[in-house]
Amino acid sequence: MTVFNEELPKLEVPVQESQNAYGHAFRAYNDNTSERQSRVEEVYRENHEKQTFDYVIEQKQSWLKFDKMQMGIWEAAEFLNTYVDNSDPDLDLPQIAHLLQTAESCRKMFPDQDWLHLTGFIHDLGKVMGHSKFGSAPQWAVVGDIFPVGCAFSPSIVFPQHFKHNPDTSDPRFSSPQGVYGSHCSLNNVHMSWGHDEYMYQVMVHNGCTLPPAAFFVVRFHSFYALHTQGAYHHLLNPSDHEHLHWLKEFNKSDLYTKSLTQLDVKELKPYYEGLIAKYFPKQMLDW
């Protein structure tokens with residue numbers, strides 16, 4: 001029987017920072033003097049030029065066979081110990097540090113919502129696509145902000161100037177705000193740029209995860225900043241999307257504003273999150 005902690009351990013929980021790990025504003029993409037900033041923009045340049053409607057369909061057909069390997073949730077998190085997200089201007093620590101910062105912030109803000117704690121821990125696990133055992137997918141196809149394909153690219157997306165070389169920009173099928181989609185069709189019917197958000201969502205679905213629908217929505221769209229921060233693409237949302245958007249915005253406070261160089265005690269936190277994994281994932285070994 002899995003025993004869950006009813007009281008929070010007395011740990012240093014990440015607070016919502018006012019500046020990122022480098023002393024700058026969060027998501028500041030216009031610092032042309034920073035070497036890291038040039039790496040960030042290069043990831044987005046490739047992303048915006050290559051993420052087309054056809055490319056996304058091809059990636060889904062390849063990755064959603066779930067034939068890469070079998071492993072558990074915690075093992076996937078440990079895979080990310082060596083992975084640094086070059087699209088992130090706010091932090092360059094291994095990803096497991098960010099997962100725990102996010103999860104513990106969710107735990108502090110919503111102590112009775114254990115589903116949100118686990119959502120914070122697993123939200124970026126799709127980045128395993130970039131690991132060598134998964135074929136080392138390029139960063140532009142794994143990380144960064146996501147956006148709909150199959151309709152016009154919003155100027156609210158970071159580095160929008162790089163879409164000029166994306167073939168879909170000049171394709172009349174995709175040139176209108178709705179593109180190939182109907183008005184308020186629901187994000188469930190929209191193809192997003194391919195990356196770790198969609199992959200982890202699909203892993204959860206395929207492996208019978210029992211987290212509530214809001215958790216699936218948060219994992220699938222947590223990098224959709226043009227929506228949850230800039231307010232774009234509301235013409236594609238249906239009432240259910242609007243309902244889940246509340247939790248997505250709450251989650252973003254923990255996902256973004258806890259990024260710091262402070263690392264938590266993994267050994268001390270591991271039993272709590274292993275208990276949640278056992279509660280919400282019926283299979284110990286997942287298909288990836």
# chains A, B, ... in the order shown; residues from 1 in each chain; ligands from 1

call {"tool": "residues_around", "arguments": {"residues": "Ala141 (chain A)", "least_positions_apart": "3", "cutoff": "10 Å", "atoms": "only C-alpha atoms", "output": "JSON, numbers by chain"}}
result
{"A": [43, 44, 46, 47, 50, 51, 56, 59, 127, 129, 130, 137, 138, 144, 193, 194, 195, 196]}

call {"tool": "residues_around", "arguments": {"residues": "Thr229 (chain A)", "least_positions_apart": "5", "cutoff": "10 Å", "atoms": "only C-alpha atoms", "output": "list in words"}}
result
Ser156, Ser223, Phe224, Leu248, Lys249 and Asn252 of chain A

call {"tool": "atom_distance", "arguments": {"atom1": "CA of Pro148 (chain A)", "atom2": "CA of Val190 (chain A)"}}
result
6.6 Å

call {"tool": "closest_residue", "arguments": {"among": "A:Met204, A:Ile122, A:Trp288, A:Gly275", "to": "Ser62 (chain A)", "atoms": "only C-alpha atoms"}}
result
A:Trp288

call {"tool": "closest_residue", "arguments": {"among": "A:Trp115, A:Phe110, A:Phe53, A:Tyr280", "to": "Gly179 (chain A)", "atoms": "only C-alpha atoms"}}
result
A:Phe53
